[in-house]
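Dropping protein_31.tsv in here (TSV, C-alpha atoms):
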chain	number	residue	atom	x	y	z
H	116	MET	CA	92.64	133.58	85.47
H	117	ALA	CA	90.05	133.40	88.28
H	118	ASN	CA	89.75	130.11	90.15
H	119	LEU	CA	86.48	128.67	88.86
H	120	GLY	CA	86.25	126.31	91.85
H	121	ILE	CA	84.95	129.32	93.79
H	122	PRO	CA	81.18	129.55	93.10
H	123	ARG	CA	81.05	133.34	92.73
H	124	ASN	CA	83.71	133.20	89.98
H	125	THR	CA	81.70	130.56	88.12
H	126	ILE	CA	78.55	132.68	88.38
H	127	GLU	CA	80.44	135.79	87.19
H	128	VAL	CA	81.73	133.97	84.07
H	129	LEU	CA	78.27	132.57	83.25
H	130	GLN	CA	76.64	136.00	83.64
H	131	ARG	CA	79.30	137.78	81.61
H	132	HIS	CA	78.73	135.39	78.71
H	133	ASN	CA	74.92	135.40	79.16
H	134	PHE	CA	75.08	131.61	79.36
H	135	ILE	CA	71.78	129.73	79.54
H	136	PHE	CA	71.77	126.16	80.91
H	137	GLN	CA	70.53	123.60	78.38
H	138	LYS	CA	68.24	120.96	79.84
H	139	LYS	CA	68.77	118.73	76.77
H	140	TYR	CA	72.48	118.45	77.68
H	141	GLY	CA	71.80	117.69	81.36
H	142	GLN	CA	74.06	120.53	82.50
H	143	ASN	CA	74.87	120.73	86.22
H	144	PHE	CA	78.20	122.42	86.92
H	145	LEU	CA	80.22	121.35	89.93
H	146	ILE	CA	81.05	124.34	92.15
H	147	ASP	CA	82.50	122.80	95.31
H	148	PRO	CA	86.32	123.05	95.40
H	149	ASN	CA	86.63	120.18	97.90
H	150	VAL	CA	84.63	117.83	95.68
H	151	LEU	CA	86.66	118.85	92.63
H	152	GLU	CA	89.86	117.96	94.48
H	153	ARG	CA	88.38	114.64	95.58
H	154	VAL	CA	87.47	113.70	92.02
H	155	ILE	CA	90.98	114.44	90.75
H	156	ASP	CA	92.61	112.70	93.74
H	157	ALA	CA	90.39	109.65	93.15
H	158	ALA	CA	91.50	109.57	89.50
H	159	ARG	CA	95.14	109.61	90.69
H	160	VAL	CA	96.10	112.06	87.96
H	161	THR	CA	99.84	112.63	87.49
H	162	GLU	CA	101.96	114.52	84.97
H	163	GLU	CA	102.55	111.17	83.22
H	164	ASP	CA	98.87	111.01	82.24
H	165	CYS	CA	96.72	112.04	79.32
H	166	VAL	CA	93.25	112.86	80.68
H	167	LEU	CA	90.10	112.71	78.59
H	168	GLU	CA	87.46	114.97	80.13
H	169	ILE	CA	83.87	114.65	78.94
H	170	GLY	CA	81.63	117.68	79.36
H	171	PRO	CA	84.07	120.24	80.79
H	172	GLY	CA	81.32	122.87	81.15
H	173	ILE	CA	83.11	126.18	81.69
H	174	GLY	CA	86.43	124.50	82.50
H	175	THR	CA	86.28	124.38	86.32
H	176	MET	CA	87.71	120.88	86.63
H	177	THR	CA	89.70	121.23	83.40
H	178	GLN	CA	91.87	123.94	84.96
H	179	LEU	CA	92.78	121.66	87.87
H	180	LEU	CA	93.38	118.71	85.55
H	181	ALA	CA	95.65	120.81	83.34
H	182	GLU	CA	97.78	121.69	86.38
H	183	ARG	CA	98.29	118.01	87.24
H	184	ALA	CA	98.22	116.06	83.97
H	185	GLY	CA	100.66	115.99	81.07
H	186	LYS	CA	97.83	116.48	78.57
H	187	VAL	CA	94.08	117.09	78.72
H	188	ILE	CA	91.62	116.42	75.89
H	189	ALA	CA	88.30	118.10	76.74
H	190	VAL	CA	85.23	117.11	74.69
H	191	GLU	CA	82.24	119.48	74.96
H	192	ILE	CA	79.01	119.06	72.98
H	193	ASP	CA	77.53	122.53	73.66
H	194	ARG	CA	78.76	125.01	71.05
H	195	ASN	CA	77.80	127.92	73.35
H	196	LEU	CA	80.41	126.84	75.90
H	197	ILE	CA	83.34	126.86	73.45
H	198	PRO	CA	84.05	130.65	73.63
H	199	ILE	CA	83.89	130.45	77.45
H	200	LEU	CA	86.28	127.48	77.50
H	201	GLU	CA	88.67	129.21	75.10
H	202	GLU	CA	88.82	132.06	77.63
H	203	THR	CA	89.02	130.05	80.87
H	204	LEU	CA	91.58	127.58	79.48
H	205	SER	CA	93.72	130.12	77.60
H	206	PRO	CA	96.60	129.92	80.14
H	207	TYR	CA	97.00	126.16	79.58
H	208	SER	CA	99.00	125.00	76.57
H	209	ASN	CA	98.45	121.31	77.38
H	210	VAL	CA	94.66	121.34	76.79
H	211	THR	CA	93.02	120.34	73.49
H	212	LEU	CA	89.38	121.39	73.18
H	213	ILE	CA	86.99	119.43	70.93
H	214	ASN	CA	83.42	120.54	70.18
H	215	GLU	CA	81.79	117.14	69.58
H	216	ASP	CA	79.32	114.59	70.92
H	217	ILE	CA	81.43	112.00	72.80
H	218	LEU	CA	79.09	109.20	71.66
H	219	LYS	CA	79.99	109.94	68.03
H	220	LEU	CA	83.76	110.03	68.53
H	221	ASP	CA	86.16	107.14	68.04
H	222	ILE	CA	87.88	107.19	71.45
H	223	ARG	CA	90.67	104.91	70.26
H	224	GLU	CA	91.54	107.33	67.47
H	225	LEU	CA	91.19	110.30	69.82
H	226	VAL	CA	93.79	109.06	72.31
H	227	GLN	CA	96.19	107.59	69.76
H	228	GLY	CA	99.69	109.00	69.67
H	229	GLN	CA	99.91	109.86	73.38
H	230	GLN	CA	103.55	108.67	73.40
H	231	GLY	CA	102.70	105.80	75.72
H	232	ARG	CA	101.04	108.06	78.31
H	233	PRO	CA	98.41	106.30	80.45
H	234	VAL	CA	94.95	107.55	79.43
H	235	LYS	CA	92.45	108.28	82.22
H	236	VAL	CA	88.90	109.52	81.81
H	237	VAL	CA	87.65	112.10	84.34
H	238	ALA	CA	84.18	113.60	83.98
H	239	ASN	CA	81.08	115.03	85.58
H	240	LEU	CA	78.70	113.12	83.29
H	241	PRO	CA	75.24	114.23	82.13
H	242	TYR	CA	72.97	111.86	84.05
H	243	TYR	CA	70.57	111.11	81.20
H	244	ILE	CA	73.30	109.42	79.10
H	245	THR	CA	75.66	108.11	81.78
H	246	THR	CA	75.24	104.43	80.88
H	247	PRO	CA	75.81	104.73	77.10
H	248	ILE	CA	78.91	106.89	77.71
H	249	VAL	CA	80.42	104.54	80.33
H	250	MET	CA	79.66	101.40	78.30
H	251	GLY	CA	81.00	103.06	75.13
H	252	LEU	CA	84.26	103.81	76.96
H	253	LEU	CA	84.52	100.27	78.38
H	254	GLU	CA	83.58	98.42	75.19
H	255	GLY	CA	85.33	100.69	72.71
H	256	GLY	CA	88.72	99.03	73.05
H	257	ALA	CA	90.62	102.27	73.73
H	258	PRO	CA	93.66	101.78	75.99
H	259	LEU	CA	92.08	103.43	79.06
H	260	LYS	CA	93.62	102.89	82.48
H	261	SER	CA	90.69	104.15	84.54
H	262	ILE	CA	87.40	106.05	84.35
H	263	THR	CA	86.56	108.34	87.28
H	264	VAL	CA	83.14	109.91	86.87
H	265	MET	CA	80.46	111.79	88.75
H	266	VAL	CA	77.16	110.00	88.21
H	267	GLN	CA	73.73	109.71	89.81
H	268	LYS	CA	74.18	107.91	93.14
H	269	GLU	CA	71.68	105.22	92.17
H	270	VAL	CA	73.70	104.41	89.01
H	271	ALA	CA	76.97	104.24	90.99
H	272	ASP	CA	75.30	101.80	93.41
H	273	ARG	CA	74.16	99.64	90.49
H	274	MET	CA	77.66	99.59	88.96
H	275	GLN	CA	79.26	98.16	92.08
H	276	ALA	CA	76.34	95.97	93.29
H	277	GLY	CA	76.84	92.26	93.98
H	278	PRO	CA	74.53	89.24	93.50
H	279	GLY	CA	71.36	88.99	95.56
H	280	THR	CA	70.88	92.77	95.95
H	281	LYS	CA	68.08	94.73	94.31
H	282	GLU	CA	70.62	97.03	92.60
H	283	TYR	CA	72.39	94.09	90.94
H	284	GLY	CA	71.67	93.69	87.24
H	285	ALA	CA	73.01	93.71	83.69
H	286	LEU	CA	74.83	97.04	84.26
H	287	SER	CA	76.64	95.68	87.37
H	288	LEU	CA	77.85	92.63	85.43
H	289	ALA	CA	78.86	94.59	82.32
H	290	VAL	CA	80.88	97.13	84.32
H	291	GLN	CA	82.51	94.44	86.50
H	292	TYR	CA	83.49	92.38	83.43
H	293	TYR	CA	85.60	95.30	82.18
H	294	ALA	CA	86.66	97.07	85.38
H	295	GLU	CA	86.91	97.11	89.16
H	296	PRO	CA	84.29	99.65	90.41
H	297	GLU	CA	84.71	101.65	93.62
H	298	VAL	CA	82.49	104.47	94.89
H	299	VAL	CA	84.92	107.04	96.31
H	300	ALA	CA	82.58	109.88	97.39
H	301	ASN	CA	78.93	110.77	97.76
H	302	VAL	CA	78.05	114.29	96.64
H	303	PRO	CA	74.92	116.21	97.71
H	304	PRO	CA	72.89	118.33	95.21
H	305	ASN	CA	74.06	121.66	96.72
H	306	CYS	CA	77.54	121.16	95.20
H	307	PHE	CA	76.18	121.99	91.72
H	308	ILE	CA	74.51	124.80	89.82
H	309	PRO	CA	71.74	124.34	88.93
H	310	ARG	CA	71.05	121.83	91.70
H	311	PRO	CA	70.12	118.37	90.43
H	312	SER	CA	67.08	116.71	92.01
H	313	VAL	CA	69.08	113.60	92.98
H	314	GLY	CA	72.19	112.75	94.99
H	315	SER	CA	75.42	112.06	93.11
H	316	ALA	CA	78.47	109.88	93.62
H	317	VAL	CA	82.01	109.69	92.29
H	318	ILE	CA	82.92	106.21	91.07
H	319	ARG	CA	86.32	105.02	89.86
H	320	LEU	CA	86.41	102.15	87.37
H	321	THR	CA	89.89	100.66	87.14
H	322	LYS	CA	90.13	98.71	83.88
H	323	HIS	CA	91.05	95.02	84.12
H	324	LYS	CA	94.15	94.14	82.08
H	325	THR	CA	92.34	90.97	81.00
H	326	PRO	CA	88.68	90.08	81.66
H	327	PRO	CA	88.19	88.17	84.95
H	328	VAL	CA	86.31	85.33	83.20
H	329	ARG	CA	86.80	83.33	79.99
H	330	CYS	CA	83.73	83.20	77.79
H	331	HIS	CA	82.21	84.14	74.46
H	332	GLU	CA	81.55	87.76	75.37
H	333	LYS	CA	78.56	88.38	73.04
H	334	LYS	CA	76.86	85.15	74.05
H	335	MET	CA	77.33	85.77	77.76
H	336	PHE	CA	75.91	89.30	77.59
H	337	ALA	CA	72.92	88.11	75.57
H	338	ILE	CA	72.24	85.59	78.37
H	339	ILE	CA	72.73	88.27	81.06
H	340	ARG	CA	70.33	90.69	79.34
H	341	ALA	CA	67.69	87.96	78.94
H	342	SER	CA	68.13	86.96	82.62
H	343	PHE	CA	67.30	90.45	83.87
H	344	ASN	CA	64.61	91.37	81.32
H	345	GLN	CA	62.03	89.93	83.69
H	346	ARG	CA	63.70	89.83	87.10
H	347	ARG	CA	60.92	87.95	88.87
H	348	LYS	CA	61.09	84.97	86.49
H	349	THR	CA	63.36	82.00	87.05
H	350	LEU	CA	66.49	81.90	84.92
H	351	ALA	CA	65.25	78.79	83.09
H	352	ASN	CA	62.00	80.56	82.07
H	353	SER	CA	63.74	83.83	81.14
H	354	LEU	CA	66.32	82.14	78.91
H	355	GLY	CA	63.94	79.47	77.54
H	356	ASN	CA	61.54	82.21	76.34
H	357	ALA	CA	64.18	84.65	75.05
H	358	ALA	CA	64.00	85.23	71.31
H	359	GLY	CA	67.30	84.75	69.53
H	360	LEU	CA	69.06	82.77	72.25
H	361	GLY	CA	68.01	79.44	70.80
H	362	VAL	CA	68.09	77.44	74.05
H	363	SER	CA	65.24	75.44	75.53
H	364	ARG	CA	64.09	75.71	79.13
H	365	ASP	CA	65.07	72.06	79.67
H	366	ARG	CA	68.61	72.67	78.41
H	367	VAL	CA	68.99	75.61	80.82
H	368	VAL	CA	67.75	73.50	83.76
H	369	GLU	CA	70.21	70.76	82.77
H	370	ALA	CA	73.13	73.24	82.60
H	371	LEU	CA	72.18	74.73	85.97
H	372	GLU	CA	72.06	71.27	87.54
H	373	GLU	CA	75.50	70.48	86.09
H	374	MET	CA	76.69	73.61	87.91
H	375	GLY	CA	75.05	72.52	91.17
H	376	LEU	CA	72.40	75.27	90.98
H	377	PRO	CA	68.67	74.75	91.60
H	378	ALA	CA	66.29	74.75	88.60
H	379	MET	CA	64.29	77.60	90.20
H	380	VAL	CA	67.28	79.97	90.59
H	381	ARG	CA	66.87	83.58	89.37
H	382	GLY	CA	69.43	85.55	87.39
H	383	GLU	CA	70.07	87.97	90.27
H	384	ALA	CA	71.62	85.11	92.31
H	385	LEU	CA	74.42	84.33	89.82
H	386	THR	CA	77.91	85.79	89.96
H	387	LEU	CA	79.81	86.92	86.86
H	388	GLU	CA	81.83	83.66	87.02
H	389	GLN	CA	78.60	81.61	87.07
H	390	PHE	CA	77.15	83.53	84.10
H	391	ALA	CA	80.39	82.85	82.19
H	392	GLU	CA	80.21	79.15	83.04
H	393	LEU	CA	76.53	78.96	82.10
H	394	SER	CA	77.14	80.62	78.74
H	395	ASN	CA	80.06	78.25	78.05
H	396	ARG	CA	77.86	75.23	78.86
H	397	LEU	CA	75.00	76.49	76.68
Spit out the file's structure as structure tokens when you get a sec.
Amino acid sequence: MANLGIPRNTIEVLQRHNFIFQKKYGQNFLIDPNVLERVIDAARVTEEDCVLEIGPGIGTMTQLLAERAGKVIAVEIDRNLIPILEETLSPYSNVTLINEDILKLDIRELVQGQQGRPVKVVANLPYYITTPIVMGLLEGGAPLKSITVMVQKEVADRMQAGPGTKEYGALSLAVQYYAEPEVVANVPPNCFIPRPSVGSAVIRLTKHKTPPVRCHEKKMFAIIRASFNQRRKTLANSLGNAAGLGVSRDRVVEALEEMGLPAMVRGEALTLEQFAELSNRL
């Protein structure tokens, strides 16, 4: 089987199958062998692992994963890619191919029965639904060890941003509650076909064994969302006006003062620990 990491082999397979890229699926196939290796190295894939790959495309990265991992489960939404994948992955007996929308699958059920193998997610994600996929993986309760994904560079920056930066927001806090984020590579548009209009980055999210803060999760995230709904407002105004939170502006000011924070503080200044403490006090 031809090495799909070589661009001309990828192009030959696509032409032979008369494949047409679907904009609705956000398809940009990775064709740089060095970047492919970096993604798999960053995911630290070993033969002990079961890897869940989302959006395998024509199987370029899947082939490399299959050579390193004990088992690969590849989930592809585009029905037109299934015959191509059946061909390109035919030499690998350790790959299971599923033609489904990842957002509609129960990940916990999918990775059950892996005989205690660590489960790692590796994917070149469609940029238009990166956040719902990542949050679905983090919140879904499946026993994932890590998630190593190619995403839009701007989204990777937001996932690992800290307080006081313009990238910092609800996504940063949600990701950091569940995992330790680390951007491991920046990837220019010319590493894909077709070329995306934005730069990309590979980010590894290593799942926390237990959350880094103690809080009522739902309550804290409701407070976080309300804090960033109108970034320029003070925290007291944002939370005092938020429907459904049921706290007054005065109560928020009081709680902030108990924490030694000024009444005029904005949400973007608070750490995850401070949001947890605030939600516990409220």
Give me, as a list in words, all polymer residues having an atom no more than 8 Å from H:Ile213, counting all atoms listed in the file and skipping those fewer than 5 positions away in the same chain.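 The neighbour list is Ile188, Ala189, Val190 and Glu191 of chain H.
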Restricting the output to C-alpha atoms, write the selected residues as a short mmCIF file (atom, residue, chain, number, x, y, z; two decimals), keeping the file's coordinate frame.
data_model
loop_
_atom_site.label_atom_id
_atom_site.label_comp_id
_atom_site.auth_asym_id
_atom_site.auth_seq_id
_atom_site.Cartn_x
_atom_site.Cartn_y
_atom_site.Cartn_z
CA ILE H 188 91.62 116.42 75.89
CA ALA H 189 88.30 118.10 76.74
CA VAL H 190 85.23 117.11 74.69
CA GLU H 191 82.24 119.48 74.96
#
Which distance in Å separates atom CA of H:Tyr293 and atom CA of H:Thr263, to one decimal? 14.0 Å
I'd like the interatomic distance between atom CA of H:Phe136 and atom CA of H:Cys165, to a tenth of an Å.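 Computed distance, atom CA of H:Phe136 to atom CA of H:Cys165, equals 28.7 Å.
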Taking into account all atoms listed in the file, which residue in the set H:Val313, H:Ala341, H:Cys306, H:Ile173 is nearest to H:Pro148?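 Closest to H:Pro148 of all the choices is H:Cys306.
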Could you tell me which of H:Val128, H:Leu259, H:Met335, H:Asn143 comes closest to H:Gln227 if we count all atoms listed in the file?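 Using all atoms listed in the file, the shortest distance to H:Gln227 belongs to H:Leu259.
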At a cut-off of 8 Å, using only C-alpha atoms, what residues contact stretch 140-142 of chain H? Leave out same-chain residues fewer than 2 positions from it and give the result as a list in words.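 What passes the distance filter is Phe136, Gln137, Lys138, Phe144, Gly172, Asp193, Pro241, Tyr242, Tyr243 and Pro309 of chain H.
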Calculated over all atoms listed in the file, which of the candidates H:Lys281, H:Arg319, H:Lys333, H:Arg366 has the smallest distance to H:Glu295?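 Among H:Lys281, H:Arg319, H:Lys333, H:Arg366, it is H:Arg319 that comes nearest to H:Glu295.
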Leaving out H:Ala337 and any residue of its chain fewer than 2 positions from it, which residues lie within 10 Å of it when counting only C-alpha atoms, given as a JSON list (two decimals) with C-alpha atoms, keeping the file's coordinate frame?
[["chain", "number", "residue", "atom", "x", "y", "z"],
["H", 285, "ALA", "CA", 73.01, 93.71, 83.69],
["H", 332, "GLU", "CA", 81.55, 87.76, 75.37],
["H", 333, "LYS", "CA", 78.56, 88.38, 73.04],
["H", 334, "LYS", "CA", 76.86, 85.15, 74.05],
["H", 335, "MET", "CA", 77.33, 85.77, 77.76],
["H", 339, "ILE", "CA", 72.73, 88.27, 81.06],
["H", 340, "ARG", "CA", 70.33, 90.69, 79.34],
["H", 341, "ALA", "CA", 67.69, 87.96, 78.94],
["H", 342, "SER", "CA", 68.13, 86.96, 82.62],
["H", 354, "LEU", "CA", 66.32, 82.14, 78.91],
["H", 357, "ALA", "CA", 64.18, 84.65, 75.05],
["H", 359, "GLY", "CA", 67.30, 84.75, 69.53],
["H", 360, "LEU", "CA", 69.06, 82.77, 72.25],
["H", 394, "SER", "CA", 77.14, 80.62, 78.74]]
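With all atoms listed in the file as the atoms that count, the minimum distance from H:Lys268 to the choices H:Asn124, H:Ser315, H:Asn305, H:Asn239 is reached by H:Ser315.
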Straight-line distance linking atom CA of H:Thr321 with atom CA of H:Val234, stated in Å to one decimal: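 It comes out at 11.5 Å.
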Nearest to H:Ile146 among H:Val368, H:Ile338, H:Val328, H:Ile126, with distances taken over only C-alpha atoms: which residue is it? H:Ile126
Polymer residues at most 12 Å from H:Ile199, all atoms listed in the file, same-chain spacing of 6 or more positions, as an MDAnalysis selection string: chainID H and resid 119 125 127:134 171:175 191 193 205 212
Residue contacts of H:Glu383 (9 Å, all atoms listed in the file) excluding same-chain residues fewer than 6 positions away, as a tab-separated table (two decimals) with C-alpha atoms, in the frame of the given file:
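After the write, result.tsv holds the following:
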chain	number	residue	atom	x	y	z
H	277	GLY	CA	76.84	92.26	93.98
H	278	PRO	CA	74.53	89.24	93.50
H	279	GLY	CA	71.36	88.99	95.56
H	280	THR	CA	70.88	92.77	95.95
H	281	LYS	CA	68.08	94.73	94.31
H	283	TYR	CA	72.39	94.09	90.94
H	284	GLY	CA	71.67	93.69	87.24
H	342	SER	CA	68.13	86.96	82.62
H	343	PHE	CA	67.30	90.45	83.87
H	346	ARG	CA	63.70	89.83	87.10
H	350	LEU	CA	66.49	81.90	84.92
So which residues are close to (96.3, 112.8, 67.5), meaning at most 12 Å away in the file's coordinates with all atoms listed in the file counted, and can you show them as a PyMOL selection string? chain H and resi 165+186+188+211+213+221-230
